[in-house]
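Participant: Got a structure for you, questions after.
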Amino acid sequence: MGKLMESNGTLELAFSEELAAQGVTRRSFLKFATAITAAMGLPATMVAKVAETIASPSRPPVIWLHFQECTGCTESLLRATHPTVEELILDVISLDYSETLCAAAGHQVEKSLNDSANANDGKYILVVEGSVPMNDNGIYCKIAGRTALDIIQDYGPRAAAIVAIGSCASWGGVQSASPNPTGATGIDTIIKDKPVINLPGCPASPYNLLSTILYYLTLGKLPQLDSKGRPKFAYGRLIHEHCERRPHFDAGRFALQFGDDGHREGYCLYKLGCKGPETYNNCSSILFGDVGSGAWPVGTGHPCFGCSEEGVGFTKHIHEQADVYTEVPPAVYAGIDSEKAGGATLAGAAVAGAVGGVIIGASAMAAKKMKAEEADSESDA
Ligand code: FSX
Ligand code: SF4
Ligand code: F3S
């Protein structure tokens, strides 16, 4: 990976041939390090330190377990590009065990799991993908003859920290949808004596995994978590707060049916069931998806279904309208038809809507930030 030097206050990165061969330029690496530092909520002065962590040859051991899930989280990680998040993650960690990525199989791979856990007792990071079935002694998910429950009770308490990746590992996800036949549950309801960082999402954003690991490695501590165990830097804001369609929401322009004129114009998807107003995640600012710009659910024209929010995703119906905590759209809107509106134009209404949206959004965000700061100072006190 790259070797980092600082000279005359200018950050310089010297790349190995290996990195250059991957098609990553020094410029794109620095840009990426800057973006991921900002995503972690760290100041720009930390970019060099974060880049240094990425370039560091020392890698913490990671054991990655799969339970009840679709492997979508791993897939989403492997499909990320420029510079490939998967390569960066695999460069900053030593992935000792992963059923999906292991070349070995059977007893051989089980041995590598045990060897890594024994050699790194108390030091490894445990990443868990998938929920644990609790009903009927956990018989609904078995790997190598052991239940998921047995496996997590063995390797969970011996980890330094646990990262529950995806909604399934965070709170049960899709398998915990009513009537939850297997009794699917998240990791933090089972392991109580170790820090569990939840990175919900179905799939979870690979950037949230990378930034959480980098935060831990760079600062030597876990990021601040919210009441649901999620890093505040990634889950501190509603999707709705940074959504590119927000000016349409504030101006009252909604798609009413898939494929209608409003949908084609890129109007707000609230009335099609978008759960952005009650879902905390950074999809609208990070835009993960990696199939071109704007590739996130709402960017592609699909309402956010709240995949990362317990009690919303897999709980509320897809078409059900979200509870709006920040702003309620007014029942009556200014006319935008030129005759009825006495000469007002569509463009004029759009500008007014956008300006109003910025002001309303900015004040709502300022109020929320102040509230969060108050809460932080109270909890610090
Ligand atoms: Fe679940 Fe992920 Fe959805 Fe799939 O970790 S969060 S079903 S994308 O693979 O587990
Ligand atoms: Fe975006 Fe959905 Fe909010 Fe509309 S309701 S602004 S589509 S997050
Ligand atoms: Fe999930 Fe909504 Fe993001 S559906 S991926 S939380 S936009």
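Chain labels run A, B, ... following the order of the structure tokens; each chain numbers its residues from 1, and ligands are numbered from 1 in the order shown.
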Quick one: residues within 9 Å of A:Val298, only C-alpha atoms counted, chain neighbours fewer than 4 positions away excluded, as a ChimeraX atom specification?

Facilitator: /A:243-245,268-269,274,276,284,294,302-304

Participant: Would you name the residues within 8 Å of ligand 3, counting only C-alpha atoms and all ligand atoms, and put them as a list of chain:residue names?

Facilitator: A:Gly201, A:Cys202, A:Pro203, A:Ala204, A:Ser205, A:Ile239, A:Lys275, A:Gly276, A:Thr279, A:Tyr280, A:Asn281, A:Asn282, A:Cys283, A:Ser284, A:Trp296, A:Pro297, A:Val298, A:Pro303, A:Cys304, A:Phe305, A:Gly306, A:Cys307, A:Ser308, A:Glu309, A:Gly313

Participant: Which residues are close to A:Arg246, i.e. within 8 Å by only C-alpha atoms, leaving aside same-chain residues fewer than 4 positions away? Reply as number ranges by chain.

Facilitator: A: 240-242, 250, 268, 357

Participant: Report as JSON, numbers by chain which protein, DNA and RNA residues come within 8 Å of ligand 1, using only C-alpha atoms and all ligand atoms.

Facilitator: {"A": [66, 67, 68, 69, 70, 71, 72, 73, 74, 75, 76, 128, 129, 130, 131, 165, 166, 167, 168, 169, 173, 174, 175, 200, 201, 202, 203, 204, 307]}

Participant: Hey, can you check how far atom CA of A:Asp188 sits from atom CA of A:Pro223?

Facilitator: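 Between these atoms lies a distance of 16.6 Å.
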
Participant: Rank A:Leu65, A:Val324, A:Ile143, A:Ala39 by their smallest atom-to-atom distance to A:Leu238, using only C-alpha atoms, and report the top residue only.

Facilitator: A:Val324

Participant: Closest to ligand 2 among A:Arg253, A:Phe288, A:Asp261, A:Gly145, using only C-alpha atoms and all ligand atoms?

Facilitator: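 Of all the options, A:Arg253 lies closest to ligand 2.
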
Participant: Please identify all polymer residues within 7 Å of A:Val132, counting only C-alpha atoms, omitting same-chain residues fewer than 6 positions from it, and present them as a list in words.

Facilitator: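 Residues near the query, excluding close chain neighbours: Phe67, Gln68, Ala148, Leu149, Ala184, Thr185 and Gly186 of chain A.
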
Participant: Just write the chosen residues, C-alpha atoms, as a tab-separated table (two decimals), in the first residue's frame.

Facilitator:
```tsv
chain	number	residue	atom	x	y	z
A	67	PHE	CA	-25.34	-16.52	10.27
A	68	GLN	CA	-28.92	-16.07	8.99
A	148	ALA	CA	-25.06	-19.89	15.45
A	149	LEU	CA	-25.95	-19.30	19.10
A	184	ALA	CA	-34.13	-14.15	14.89
A	185	THR	CA	-32.31	-11.57	16.96
A	186	GLY	CA	-29.33	-9.22	16.79
```

Participant: Just to confirm, what's the straight-line distance from atom CA of A:Leu214 to atom CA of A:Asp193 in Å (one decimal)?

Facilitator: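 Going from atom CA of A:Leu214 over to atom CA of A:Asp193 covers 23.0 Å.
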
Participant: Compile the contact shell of A:Ile191 as a ChimeraX atom specification: residues with an atom at most 9 Å away, counting only C-alpha atoms, same-chain residues fewer than 5 positions apart removed.

Facilitator: /A:152-153,156-157,196

Participant: When you look at A:Ile197 with a cut-off of 7 Å (counting only C-alpha atoms), what residues show up, excluding the ones that are within fewer than 6 positions of it in the same chain? I need them as an NGL selection string.

Facilitator: :A and (162-164 or 229-230)

Participant: Using N, CA, C and O atoms, can you write the selected residues to a file as a short mmCIF file (atom, residue, chain, number, x, y, z; two decimals), in the first residue's frame?

Facilitator:
```
data_model
loop_
_atom_site.label_atom_id
_atom_site.label_comp_id
_atom_site.auth_asym_id
_atom_site.auth_seq_id
_atom_site.Cartn_x
_atom_site.Cartn_y
_atom_site.Cartn_z
N ILE A 162 -16.95 -6.13 18.72
CA ILE A 162 -17.77 -6.82 17.72
C ILE A 162 -18.42 -5.78 16.81
O ILE A 162 -18.95 -4.77 17.30
N VAL A 163 -18.34 -6.04 15.53
CA VAL A 163 -19.06 -5.19 14.58
C VAL A 163 -20.20 -6.03 14.00
O VAL A 163 -19.95 -7.07 13.38
N ALA A 164 -21.44 -5.61 14.25
CA ALA A 164 -22.60 -6.31 13.69
C ALA A 164 -22.92 -5.62 12.38
O ALA A 164 -23.43 -4.49 12.37
N GLY A 229 -26.69 1.77 19.34
CA GLY A 229 -25.36 1.20 19.13
C GLY A 229 -24.75 1.51 17.77
O GLY A 229 -23.81 0.85 17.34
N ARG A 230 -25.25 2.56 17.08
CA ARG A 230 -24.73 2.89 15.75
C ARG A 230 -23.76 4.07 15.85
O ARG A 230 -24.02 5.01 16.62
#
```
